[in-house]
Amino acid sequence: MINFKTQVVVDFGSVYINSNHSKMFEVKNSDSISQIFKTERYSERPKLDCGFRMTPSVSPAVKPGGSFKFKVEFSPKVPNFNCSDYFIVEHLYGNHCTIFTKATVKGSECSLSCRQIQMICSSEKKKAVKKFEIRNNGGCTVRFQFTIDNSNSCVKLEPYQGSIQPSKNLYITVTYTPTSHISYFKRIFCLVTYHDPISLDIYGMWSKKDSSIVNFDNIPVHSNSYQSFMNNVMCIGKRDELPLISLDKYVFDFGCCVPKRQTQLSFSVTNNYNTKLTVIWNRGKNSRSLTFSPLLVFTYWKPYCM
(Lines give C-alpha, C1' and ligand atoms only; values in the text may rest on other atoms or scores of the structure.)
Protein backbone atom coordinates (compact mmCIF):
# COMPACT_ATOMS: atom_id res chain seq x y z
CA MET A 1 0.00 0.00 0.00
CA ILE A 2 1.46 3.38 -0.95
CA ASN A 3 0.68 6.95 -0.03
CA PHE A 4 1.12 9.82 -2.43
CA LYS A 5 3.93 12.38 -2.13
CA THR A 6 6.27 9.56 -1.13
CA GLN A 7 8.81 7.34 -2.90
CA VAL A 8 8.37 3.59 -3.03
CA VAL A 9 11.28 1.22 -3.74
CA VAL A 10 10.64 -1.98 -5.69
CA ASP A 11 13.78 -4.09 -5.31
CA PHE A 12 14.16 -7.27 -7.39
CA GLY A 13 17.47 -8.14 -5.75
CA SER A 14 19.98 -10.27 -7.67
CA VAL A 15 18.58 -12.00 -10.78
CA TYR A 16 20.00 -13.83 -13.80
CA ILE A 17 20.08 -12.61 -17.37
CA ASN A 18 17.29 -13.80 -19.70
CA SER A 19 14.84 -14.35 -16.85
CA ASN A 20 11.42 -12.81 -16.20
CA HIS A 21 10.32 -11.37 -12.86
CA SER A 22 7.36 -9.38 -11.55
CA LYS A 23 6.23 -7.69 -8.36
CA MET A 24 2.98 -6.03 -7.33
CA PHE A 25 2.32 -2.83 -5.45
CA GLU A 26 -1.06 -1.49 -4.32
CA VAL A 27 -2.46 2.03 -4.62
CA LYS A 28 -5.30 3.06 -2.31
CA ASN A 29 -7.87 5.76 -3.08
CA SER A 30 -8.10 7.87 0.08
CA ASP A 31 -10.31 10.55 -1.52
CA SER A 32 -14.05 10.86 -1.23
CA ILE A 33 -14.62 10.39 -4.97
CA SER A 34 -13.62 7.75 -7.45
CA GLN A 35 -10.14 8.12 -8.97
CA ILE A 36 -8.34 6.85 -12.04
CA PHE A 37 -4.63 6.25 -11.60
CA LYS A 38 -2.11 6.28 -14.41
CA THR A 39 1.57 5.37 -14.59
CA GLU A 40 4.39 6.64 -16.77
CA ARG A 41 8.14 6.56 -16.86
CA TYR A 42 9.91 9.52 -15.31
CA SER A 43 10.52 11.74 -18.35
CA GLU A 44 13.52 13.67 -16.97
CA ARG A 45 15.61 10.49 -16.61
CA PRO A 46 17.79 9.52 -19.62
CA LYS A 47 16.03 6.98 -21.82
CA LEU A 48 17.97 3.81 -21.07
CA ASP A 49 15.99 0.61 -21.45
CA CYS A 50 16.95 -1.51 -18.45
CA GLY A 51 14.06 -3.93 -18.87
CA PHE A 52 11.52 -2.53 -16.36
CA ARG A 53 7.83 -2.28 -17.32
CA MET A 54 4.79 -1.17 -15.35
CA THR A 55 1.30 -2.41 -16.26
CA PRO A 56 -1.36 -1.35 -16.82
CA SER A 57 -0.65 2.23 -17.81
CA VAL A 58 -4.11 3.35 -16.64
CA SER A 59 -6.27 1.83 -13.90
CA PRO A 60 -10.04 1.50 -13.94
CA ALA A 61 -12.04 3.86 -11.71
CA VAL A 62 -11.25 3.09 -8.08
CA LYS A 63 -14.01 3.83 -5.57
CA PRO A 64 -13.33 5.80 -2.37
CA GLY A 65 -11.47 3.58 0.10
CA GLY A 66 -10.76 1.05 -2.62
CA SER A 67 -7.40 0.05 -4.02
CA PHE A 68 -5.79 -1.17 -7.23
CA LYS A 69 -2.68 -3.26 -7.83
CA PHE A 70 -0.09 -2.39 -10.46
CA LYS A 71 2.49 -4.86 -11.72
CA VAL A 72 6.19 -4.10 -12.20
CA GLU A 73 7.82 -6.49 -14.66
CA PHE A 74 11.54 -6.92 -15.15
CA SER A 75 13.29 -8.73 -18.02
CA PRO A 76 17.05 -8.10 -17.70
CA LYS A 77 18.91 -7.52 -20.94
CA VAL A 78 22.41 -6.51 -19.79
CA PRO A 79 24.54 -8.94 -17.68
CA ASN A 80 26.67 -7.90 -14.72
CA PHE A 81 24.88 -4.60 -14.40
CA ASN A 82 23.05 -2.65 -11.68
CA CYS A 83 19.73 -1.61 -13.23
CA SER A 84 17.45 1.12 -11.94
CA ASP A 85 14.59 3.26 -13.22
CA TYR A 86 11.87 5.66 -12.02
CA PHE A 87 8.12 5.64 -12.63
CA ILE A 88 5.37 8.03 -11.55
CA VAL A 89 1.86 7.10 -10.41
CA GLU A 90 -0.59 10.01 -10.41
CA HIS A 91 -4.33 10.64 -10.32
CA LEU A 92 -6.67 13.27 -11.78
CA TYR A 93 -5.83 15.95 -9.23
CA GLY A 94 -2.12 15.80 -10.08
CA ASN A 95 -0.88 14.26 -6.86
CA HIS A 96 1.77 11.65 -7.57
CA CYS A 97 4.05 9.04 -6.09
CA THR A 98 7.52 8.05 -7.37
CA ILE A 99 8.29 4.36 -7.86
CA PHE A 100 12.01 3.51 -7.81
CA THR A 101 12.83 0.10 -9.34
CA LYS A 102 16.23 -1.57 -9.05
CA ALA A 103 17.92 -4.93 -9.58
CA THR A 104 21.36 -6.47 -9.95
CA VAL A 105 21.75 -8.66 -13.04
CA LYS A 106 24.07 -11.67 -13.02
CA GLY A 107 25.49 -13.27 -16.15
CA SER A 108 26.20 -16.93 -16.84
CA GLU A 109 28.22 -18.94 -14.32
CA CYS A 110 30.15 -21.61 -16.16
CA SER A 111 33.37 -23.58 -15.58
CA LEU A 112 35.40 -26.50 -16.97
CA SER A 113 36.45 -29.50 -14.89
CA CYS A 114 40.04 -29.10 -16.19
CA ARG A 115 42.11 -26.50 -18.01
CA GLN A 116 44.87 -28.72 -19.45
CA ILE A 117 44.51 -32.08 -21.20
CA GLN A 118 47.49 -34.32 -22.09
CA MET A 119 46.91 -36.84 -24.88
CA ILE A 120 49.50 -39.62 -25.39
CA CYS A 121 49.71 -41.78 -28.52
CA SER A 122 52.16 -44.49 -29.55
CA SER A 123 52.67 -47.17 -32.19
CA GLU A 124 50.31 -49.40 -30.18
CA LYS A 125 47.83 -46.60 -29.46
CA LYS A 126 46.94 -44.64 -32.57
CA LYS A 127 44.19 -42.60 -30.95
CA ALA A 128 43.75 -41.01 -27.51
CA VAL A 129 40.33 -40.24 -26.01
CA LYS A 130 39.55 -38.31 -22.84
CA LYS A 131 36.55 -36.57 -21.32
CA PHE A 132 35.97 -33.45 -19.28
CA GLU A 133 32.93 -31.62 -17.95
CA ILE A 134 31.51 -28.23 -18.73
CA ARG A 135 29.45 -27.08 -15.77
CA ASN A 136 26.59 -24.62 -15.59
CA ASN A 137 26.85 -23.31 -12.03
CA GLY A 138 24.25 -20.58 -12.45
CA GLY A 139 20.53 -20.18 -12.69
CA CYS A 140 20.14 -19.51 -16.41
CA THR A 141 20.63 -21.60 -19.54
CA VAL A 142 24.07 -21.18 -21.11
CA ARG A 143 25.03 -21.67 -24.74
CA PHE A 144 28.61 -22.61 -25.51
CA GLN A 145 30.87 -23.17 -28.50
CA PHE A 146 34.52 -24.24 -28.64
CA THR A 147 36.83 -22.47 -31.07
CA ILE A 148 37.89 -25.57 -32.98
CA ASP A 149 37.26 -26.91 -36.47
CA ASN A 150 36.46 -30.59 -36.06
CA SER A 151 36.66 -31.22 -39.80
CA ASN A 152 40.19 -29.86 -40.16
CA SER A 153 42.06 -30.76 -36.97
CA CYS A 154 43.72 -33.78 -35.39
CA VAL A 155 41.82 -32.88 -32.20
CA LYS A 156 38.03 -33.19 -32.15
CA LEU A 157 35.55 -32.19 -29.46
CA GLU A 158 32.08 -33.73 -29.28
CA PRO A 159 29.84 -31.93 -28.82
CA TYR A 160 31.73 -28.74 -29.66
CA GLN A 161 28.64 -26.54 -29.21
CA GLY A 162 25.27 -26.72 -27.47
CA SER A 163 23.34 -25.52 -24.43
CA ILE A 164 23.23 -26.55 -20.78
CA GLN A 165 20.31 -26.11 -18.42
CA PRO A 166 20.80 -24.41 -15.02
CA SER A 167 22.78 -26.44 -12.45
CA LYS A 168 23.52 -29.18 -15.00
CA ASN A 169 26.77 -30.62 -16.38
CA LEU A 170 27.70 -31.91 -19.82
CA TYR A 171 30.53 -34.30 -20.73
CA ILE A 172 32.76 -33.29 -23.65
CA THR A 173 34.76 -36.02 -25.43
CA VAL A 174 38.23 -35.09 -26.74
CA THR A 175 39.73 -37.30 -29.46
CA TYR A 176 43.34 -36.89 -30.53
CA THR A 177 44.39 -38.65 -33.77
CA PRO A 178 47.91 -37.52 -34.72
CA THR A 179 48.95 -37.44 -38.35
CA SER A 180 52.68 -37.37 -37.55
CA HIS A 181 55.09 -38.20 -34.73
CA ILE A 182 55.53 -34.64 -33.51
CA SER A 183 54.35 -32.85 -30.39
CA TYR A 184 51.10 -30.96 -30.62
CA PHE A 185 49.81 -27.98 -28.67
CA LYS A 186 46.65 -25.99 -29.13
CA ARG A 187 44.89 -23.49 -26.91
CA ILE A 188 41.18 -23.32 -27.64
CA PHE A 189 38.48 -21.24 -26.01
CA CYS A 190 35.01 -22.08 -24.81
CA LEU A 191 32.79 -19.18 -25.79
CA VAL A 192 29.83 -18.86 -23.44
CA THR A 193 26.95 -16.41 -23.69
CA TYR A 194 27.21 -13.56 -21.15
CA HIS A 195 30.52 -14.96 -19.81
CA ASP A 196 34.23 -14.41 -20.42
CA PRO A 197 35.85 -17.01 -22.74
CA ILE A 198 37.39 -19.98 -20.90
CA SER A 199 40.71 -21.32 -22.20
CA LEU A 200 41.57 -25.00 -22.56
CA ASP A 201 45.10 -26.22 -23.37
CA ILE A 202 45.47 -29.50 -25.28
CA TYR A 203 48.86 -31.23 -25.45
CA GLY A 204 49.39 -34.10 -27.87
CA MET A 205 52.50 -36.33 -27.70
CA TRP A 206 53.85 -39.36 -29.51
CA SER A 207 55.74 -41.88 -27.42
CA LYS A 208 57.85 -44.87 -28.46
CA LYS A 209 56.30 -46.67 -25.53
CA ASP A 210 52.77 -46.41 -24.21
CA SER A 211 53.56 -44.13 -21.28
CA SER A 212 53.49 -40.49 -20.35
CA ILE A 213 56.66 -38.82 -21.61
CA VAL A 214 56.07 -35.26 -20.50
CA ASN A 215 56.05 -33.88 -16.96
CA PHE A 216 55.11 -30.23 -16.73
CA ASP A 217 57.22 -28.23 -14.28
CA ASN A 218 55.54 -24.88 -14.74
CA ILE A 219 51.86 -24.97 -15.63
CA PRO A 220 50.79 -21.43 -16.61
CA VAL A 221 48.37 -19.57 -14.37
CA HIS A 222 45.23 -18.97 -16.37
CA SER A 223 43.55 -15.62 -16.54
CA ASN A 224 39.80 -15.18 -16.86
CA SER A 225 40.43 -12.33 -19.26
CA TYR A 226 40.39 -13.18 -22.97
CA GLN A 227 42.56 -10.16 -23.77
CA SER A 228 45.44 -11.18 -21.49
CA PHE A 229 45.69 -14.88 -22.34
CA MET A 230 48.88 -14.32 -24.37
CA ASN A 231 50.76 -13.56 -21.14
CA ASN A 232 50.23 -17.10 -19.84
CA VAL A 233 50.98 -19.35 -22.80
CA MET A 234 54.51 -20.54 -22.07
CA CYS A 235 55.33 -23.58 -19.94
CA ILE A 236 58.39 -25.72 -19.27
CA GLY A 237 58.41 -29.42 -20.03
CA LYS A 238 60.72 -32.41 -19.64
CA ARG A 239 60.92 -34.99 -22.42
CA ASP A 240 62.65 -38.35 -22.63
CA GLU A 241 63.86 -37.32 -26.08
CA LEU A 242 64.23 -33.99 -27.86
CA PRO A 243 62.15 -33.12 -30.91
CA LEU A 244 63.90 -32.99 -34.27
CA ILE A 245 63.84 -29.22 -34.30
CA SER A 246 62.89 -26.61 -31.71
CA LEU A 247 62.32 -22.87 -31.62
CA ASP A 248 63.64 -20.47 -29.03
CA LYS A 249 60.08 -19.11 -28.64
CA TYR A 250 56.63 -20.20 -29.73
CA VAL A 251 54.54 -17.09 -29.11
CA PHE A 252 54.88 -13.99 -31.26
CA ASP A 253 53.01 -10.91 -30.11
CA PHE A 254 53.20 -8.06 -32.63
CA GLY A 255 51.31 -5.72 -30.30
CA CYS A 256 49.46 -2.74 -31.72
CA CYS A 257 50.38 -2.50 -35.41
CA VAL A 258 49.94 0.34 -37.88
CA PRO A 259 48.11 -0.71 -41.09
CA LYS A 260 50.37 -1.24 -44.14
CA ARG A 261 53.53 -0.81 -42.04
CA GLN A 262 55.78 -3.86 -41.81
CA THR A 263 56.60 -5.24 -38.37
CA GLN A 264 59.29 -7.89 -37.89
CA LEU A 265 60.09 -10.37 -35.14
CA SER A 266 63.03 -12.79 -35.17
CA PHE A 267 63.47 -16.27 -33.76
CA SER A 268 65.91 -19.15 -34.10
CA VAL A 269 65.47 -22.77 -35.20
CA THR A 270 67.65 -25.44 -33.60
CA ASN A 271 68.36 -28.83 -35.16
CA ASN A 272 68.43 -31.39 -32.33
CA TYR A 273 69.22 -34.29 -34.67
CA ASN A 274 72.66 -35.50 -35.78
CA THR A 275 72.11 -34.94 -39.52
CA LYS A 276 71.14 -32.07 -41.78
CA LEU A 277 67.39 -31.23 -41.85
CA THR A 278 65.27 -29.13 -44.17
CA VAL A 279 62.45 -26.97 -42.73
CA ILE A 280 59.76 -25.59 -45.04
CA TRP A 281 57.13 -23.19 -43.70
CA ASN A 282 53.63 -23.88 -44.97
CA ARG A 283 52.67 -20.20 -44.92
CA GLY A 284 54.29 -17.35 -46.79
CA LYS A 285 53.52 -17.19 -50.48
CA ASN A 286 49.75 -17.26 -50.08
CA SER A 287 49.57 -15.16 -46.93
CA ARG A 288 48.94 -11.45 -47.31
CA SER A 289 49.56 -10.47 -43.70
CA LEU A 290 52.09 -13.02 -42.36
CA THR A 291 55.27 -14.17 -44.10
CA PHE A 292 58.37 -16.17 -43.17
CA SER A 293 61.81 -15.38 -44.50
CA PRO A 294 63.51 -17.52 -45.59
CA LEU A 295 60.79 -20.01 -46.49
CA LEU A 296 63.33 -22.84 -46.93
CA VAL A 297 65.83 -23.49 -44.13
CA PHE A 298 68.74 -25.99 -44.07
CA THR A 299 69.68 -26.61 -40.46
CA TYR A 300 72.74 -28.34 -39.06
CA TRP A 301 73.35 -29.24 -35.46
CA LYS A 302 73.29 -25.62 -34.31
CA PRO A 303 70.78 -22.75 -33.99
CA TYR A 304 69.74 -20.97 -37.16
CA CYS A 305 68.44 -17.42 -36.75
CA MET A 306 65.44 -16.16 -38.70
# chains A, B, ... in the order shown; residues from 1 in each chain; ligands from 1

call {"tool": "residues_around", "arguments": {"residues": "Thr179 (chain A)", "least_positions_apart": "2", "cutoff": "10 Å", "atoms": "only C-alpha atoms", "output": "number ranges by chain"}}
result
A: 126, 153-154, 176-177, 181-182

call {"tool": "write_last_selection", "arguments": {"atoms": "N, CA, C and O atoms", "output": "tab-separated table (two decimals), in the first residue's frame"}}
result
chain	number	residue	atom	x	y	z
A	126	LYS	N	47.00	-45.63	-31.50
A	126	LYS	CA	46.94	-44.64	-32.57
A	126	LYS	C	46.03	-43.47	-32.24
A	126	LYS	O	46.10	-42.44	-32.89
A	153	SER	N	41.15	-30.76	-38.11
A	153	SER	CA	42.06	-30.76	-36.97
A	153	SER	C	42.27	-32.19	-36.50
A	153	SER	O	41.38	-33.05	-36.62
A	154	CYS	N	43.46	-32.46	-35.95
A	154	CYS	CA	43.72	-33.78	-35.39
A	154	CYS	C	43.08	-33.94	-34.02
A	154	CYS	O	43.07	-35.03	-33.46
A	176	TYR	N	42.08	-37.32	-29.91
A	176	TYR	CA	43.34	-36.89	-30.53
A	176	TYR	C	43.83	-37.99	-31.46
A	176	TYR	O	44.14	-39.11	-31.03
A	177	THR	N	43.91	-37.70	-32.76
A	177	THR	CA	44.39	-38.65	-33.77
A	177	THR	C	45.54	-38.00	-34.52
A	177	THR	O	45.32	-37.27	-35.50
A	181	HIS	N	54.49	-37.90	-36.02
A	181	HIS	CA	55.09	-38.20	-34.73
A	181	HIS	C	55.72	-36.98	-34.10
A	181	HIS	O	56.83	-37.01	-33.59
A	182	ILE	N	55.02	-35.87	-34.11
A	182	ILE	CA	55.53	-34.64	-33.51
A	182	ILE	C	54.61	-34.20	-32.39
A	182	ILE	O	53.45	-34.61	-32.31

call {"tool": "residues_around", "arguments": {"residues": "Lys71 (chain A)", "least_positions_apart": "6", "cutoff": "9 Å", "atoms": "only C-alpha atoms", "output": "list in words"}}
result
Ser22, Lys23, Met24, Phe25, Glu26, Arg53, Met54, Thr55 and Pro56 of chain A

call {"tool": "residues_around", "arguments": {"residues": "region 94-100 of chain A", "least_positions_apart": "5", "cutoff": "12 Å", "atoms": "only C-alpha atoms", "output": "JSON list (two decimals) with N, CA and C atoms, in the first residue's frame"}}
result
[["chain", "number", "residue", "atom", "x", "y", "z"],
["A", 1, "MET", "N", 0.86, -1.19, 0.00],
["A", 1, "MET", "CA", 0.00, 0.00, 0.00],
["A", 1, "MET", "C", 0.89, 1.23, 0.00],
["A", 2, "ILE", "N", 0.62, 2.18, -0.87],
["A", 2, "ILE", "CA", 1.46, 3.38, -0.95],
["A", 2, "ILE", "C", 0.62, 4.61, -0.69],
["A", 3, "ASN", "N", 1.27, 5.63, -0.20],
["A", 3, "ASN", "CA", 0.68, 6.95, -0.03],
["A", 3, "ASN", "C", 1.33, 7.90, -1.02],
["A", 4, "PHE", "N", 0.59, 8.87, -1.47],
["A", 4, "PHE", "CA", 1.12, 9.82, -2.43],
["A", 4, "PHE", "C", 2.07, 10.80, -1.76],
["A", 5, "LYS", "N", 2.87, 11.47, -2.58],
["A", 5, "LYS", "CA", 3.93, 12.38, -2.13],
["A", 5, "LYS", "C", 5.02, 11.63, -1.38],
["A", 6, "THR", "N", 5.19, 10.37, -1.70],
["A", 6, "THR", "CA", 6.27, 9.56, -1.13],
["A", 6, "THR", "C", 6.97, 8.81, -2.26],
["A", 7, "GLN", "N", 8.10, 8.17, -1.93],
["A", 7, "GLN", "CA", 8.81, 7.34, -2.90],
["A", 7, "GLN", "C", 8.80, 5.90, -2.43],
["A", 8, "VAL", "N", 8.45, 5.01, -3.32],
["A", 8, "VAL", "CA", 8.37, 3.59, -3.03],
["A", 8, "VAL", "C", 9.50, 2.88, -3.80],
["A", 9, "VAL", "N", 10.20, 1.97, -3.12],
["A", 9, "VAL", "CA", 11.28, 1.22, -3.74],
["A", 9, "VAL", "C", 10.80, -0.20, -4.03],
["A", 10, "VAL", "N", 10.94, -0.61, -5.29],
["A", 10, "VAL", "CA", 10.64, -1.98, -5.69],
["A", 10, "VAL", "C", 11.98, -2.64, -6.05],
["A", 11, "ASP", "N", 12.46, -3.50, -5.17],
["A", 11, "ASP", "CA", 13.78, -4.09, -5.31],
["A", 11, "ASP", "C", 13.65, -5.56, -5.73],
["A", 12, "PHE", "N", 14.19, -5.89, -6.90],
["A", 12, "PHE", "CA", 14.16, -7.27, -7.39],
["A", 12, "PHE", "C", 15.36, -8.08, -6.91],
["A", 24, "MET", "N", 4.19, -6.83, -7.38],
["A", 24, "MET", "CA", 2.98, -6.03, -7.33],
["A", 24, "MET", "C", 3.11, -4.96, -6.25],
["A", 25, "PHE", "N", 2.49, -3.82, -6.50],
["A", 25, "PHE", "CA", 2.32, -2.83, -5.45],
["A", 25, "PHE", "C", 0.89, -2.27, -5.54],
["A", 26, "GLU", "N", 0.36, -1.86, -4.42],
["A", 26, "GLU", "CA", -1.06, -1.49, -4.32],
["A", 26, "GLU", "C", -1.21, 0.00, -4.06],
["A", 27, "VAL", "N", -2.15, 0.61, -4.79],
["A", 27, "VAL", "CA", -2.46, 2.03, -4.62],
["A", 27, "VAL", "C", -3.87, 2.14, -4.04],
["A", 28, "LYS", "N", -3.99, 2.90, -2.97],
["A", 28, "LYS", "CA", -5.30, 3.06, -2.31],
["A", 28, "LYS", "C", -5.86, 4.44, -2.59],
["A", 29, "ASN", "N", -7.17, 4.50, -2.86],
["A", 29, "ASN", "CA", -7.87, 5.76, -3.08],
["A", 29, "ASN", "C", -8.37, 6.27, -1.74],
["A", 30, "SER", "N", -7.72, 7.29, -1.22],
["A", 30, "SER", "CA", -8.10, 7.87, 0.08],
["A", 30, "SER", "C", -9.03, 9.07, -0.08],
["A", 31, "ASP", "N", -9.41, 9.43, -1.31],
["A", 31, "ASP", "CA", -10.31, 10.55, -1.52],
["A", 31, "ASP", "C", -11.76, 10.13, -1.35],
["A", 35, "GLN", "N", -11.35, 7.62, -8.33],
["A", 35, "GLN", "CA", -10.14, 8.12, -8.97],
["A", 35, "GLN", "C", -9.65, 7.12, -10.02],
["A", 36, "ILE", "N", -9.02, 7.67, -11.03],
["A", 36, "ILE", "CA", -8.34, 6.85, -12.04],
["A", 36, "ILE", "C", -6.84, 7.14, -11.92],
["A", 37, "PHE", "N", -6.07, 6.10, -11.74],
["A", 37, "PHE", "CA", -4.63, 6.25, -11.60],
["A", 37, "PHE", "C", -3.94, 5.88, -12.92],
["A", 38, "LYS", "N", -2.89, 6.60, -13.22],
["A", 38, "LYS", "CA", -2.11, 6.28, -14.41],
["A", 38, "LYS", "C", -0.63, 6.28, -14.06],
["A", 39, "THR", "N", 0.13, 5.49, -14.83],
["A", 39, "THR", "CA", 1.57, 5.37, -14.59],
["A", 39, "THR", "C", 2.34, 5.76, -15.85],
["A", 40, "GLU", "N", 3.50, 6.32, -15.65],
["A", 40, "GLU", "CA", 4.39, 6.64, -16.77],
["A", 40, "GLU", "C", 5.83, 6.70, -16.27],
["A", 41, "ARG", "N", 6.73, 6.51, -17.20],
["A", 41, "ARG", "CA", 8.14, 6.56, -16.86],
["A", 41, "ARG", "C", 8.55, 8.00, -16.61],
["A", 42, "TYR", "N", 9.45, 8.19, -15.66],
["A", 42, "TYR", "CA", 9.91, 9.52, -15.31],
["A", 42, "TYR", "C", 10.62, 10.14, -16.51],
["A", 43, "SER", "N", 10.06, 11.22, -17.07],
["A", 43, "SER", "CA", 10.52, 11.74, -18.35],
["A", 43, "SER", "C", 11.87, 12.44, -18.26],
["A", 45, "ARG", "N", 14.50, 11.44, -16.69],
["A", 45, "ARG", "CA", 15.61, 10.49, -16.61],
["A", 45, "ARG", "C", 16.03, 10.07, -18.02],
["A", 52, "PHE", "N", 12.65, -2.68, -17.28],
["A", 52, "PHE", "CA", 11.52, -2.53, -16.36],
["A", 52, "PHE", "C", 10.28, -2.09, -17.14],
["A", 53, "ARG", "N", 9.12, -2.66, -16.76],
["A", 53, "ARG", "CA", 7.83, -2.28, -17.32],
["A", 53, "ARG", "C", 6.80, -2.21, -16.21],
["A", 54, "MET", "N", 5.86, -1.27, -16.34],
["A", 54, "MET", "CA", 4.79, -1.17, -15.35],
["A", 54, "MET", "C", 3.45, -1.28, -16.08],
["A", 70, "PHE", "N", -0.89, -2.49, -9.25],
["A", 70, "PHE", "CA", -0.09, -2.39, -10.46],
["A", 70, "PHE", "C", 1.02, -3.45, -10.43],
["A", 71, "LYS", "N", 1.43, -3.86, -11.61],
["A", 71, "LYS", "CA", 2.49, -4.86, -11.72],
["A", 71, "LYS", "C", 3.75, -4.23, -12.31],
["A", 72, "VAL", "N", 4.89, -4.50, -11.66],
["A", 72, "VAL", "CA", 6.19, -4.10, -12.20],
["A", 72, "VAL", "C", 6.86, -5.35, -12.74],
["A", 83, "CYS", "N", 20.80, -2.29, -12.50],
["A", 83, "CYS", "CA", 19.73, -1.61, -13.23],
["A", 83, "CYS", "C", 18.85, -0.81, -12.27],
["A", 84, "SER", "N", 18.38, 0.32, -12.73],
["A", 84, "SER", "CA", 17.45, 1.12, -11.94],
["A", 84, "SER", "C", 16.64, 2.00, -12.87],
["A", 85, "ASP", "N", 15.45, 2.38, -12.42],
["A", 85, "ASP", "CA", 14.59, 3.26, -13.22],
["A", 85, "ASP", "C", 13.55, 3.89, -12.29],
["A", 86, "TYR", "N", 12.89, 4.94, -12.78],
["A", 86, "TYR", "CA", 11.87, 5.66, -12.02],
["A", 86, "TYR", "C", 10.55, 5.68, -12.80],
["A", 87, "PHE", "N", 9.46, 5.51, -12.08],
["A", 87, "PHE", "CA", 8.12, 5.64, -12.63],
["A", 87, "PHE", "C", 7.29, 6.56, -11.73],
["A", 88, "ILE", "N", 6.26, 7.13, -12.30],
["A", 88, "ILE", "CA", 5.37, 8.03, -11.55],
["A", 88, "ILE", "C", 3.95, 7.50, -11.63],
["A", 89, "VAL", "N", 3.28, 7.44, -10.49],
["A", 89, "VAL", "CA", 1.86, 7.10, -10.41],
["A", 89, "VAL", "C", 1.13, 8.37, -9.97]]

call {"tool": "closest_atom_pairs", "arguments": {"of": "region 16-62 of chain A", "to": "region 191-199 of chain A", "cutoff": "12 Å", "atoms": "only C-alpha atoms", "output": "tab-separated table"}}
result
residue	atom	partner	partner_atom	distance
A:Tyr16	CA	A:Tyr194	CA	10.3
A:Ile17	CA	A:Tyr194	CA	8.1
A:Asn18	CA	A:Tyr194	CA	10.0

call {"tool": "closest_residue", "arguments": {"among": "A:Leu112, A:Ile33, A:Ala103, A:Met119", "to": "Phe189 (chain A)", "atoms": "only C-alpha atoms"}}
result
A:Leu112

call {"tool": "atom_distance", "arguments": {"atom1": "CA of Ser108 (chain A)", "atom2": "CA of Pro76 (chain A)"}}
result
12.7 Å

call {"tool": "atom_distance", "arguments": {"atom1": "CA of Ser167 (chain A)", "atom2": "CA of Pro79 (chain A)"}}
result
18.3 Å

call {"tool": "residues_around", "arguments": {"residues": "Val129 (chain A)", "least_positions_apart": "5", "cutoff": "10 Å", "atoms": "only C-alpha atoms", "output": "list of chain:residue names"}}
result
A:Met119, A:Ile120, A:Cys121, A:Val155, A:Lys156, A:Leu157, A:Thr173, A:Val174, A:Thr175, A:Tyr176, A:Thr177

call {"tool": "atom_distance", "arguments": {"atom1": "CA of Thr270 (chain A)", "atom2": "CA of Gly204 (chain A)"}}
result
21.0 Å
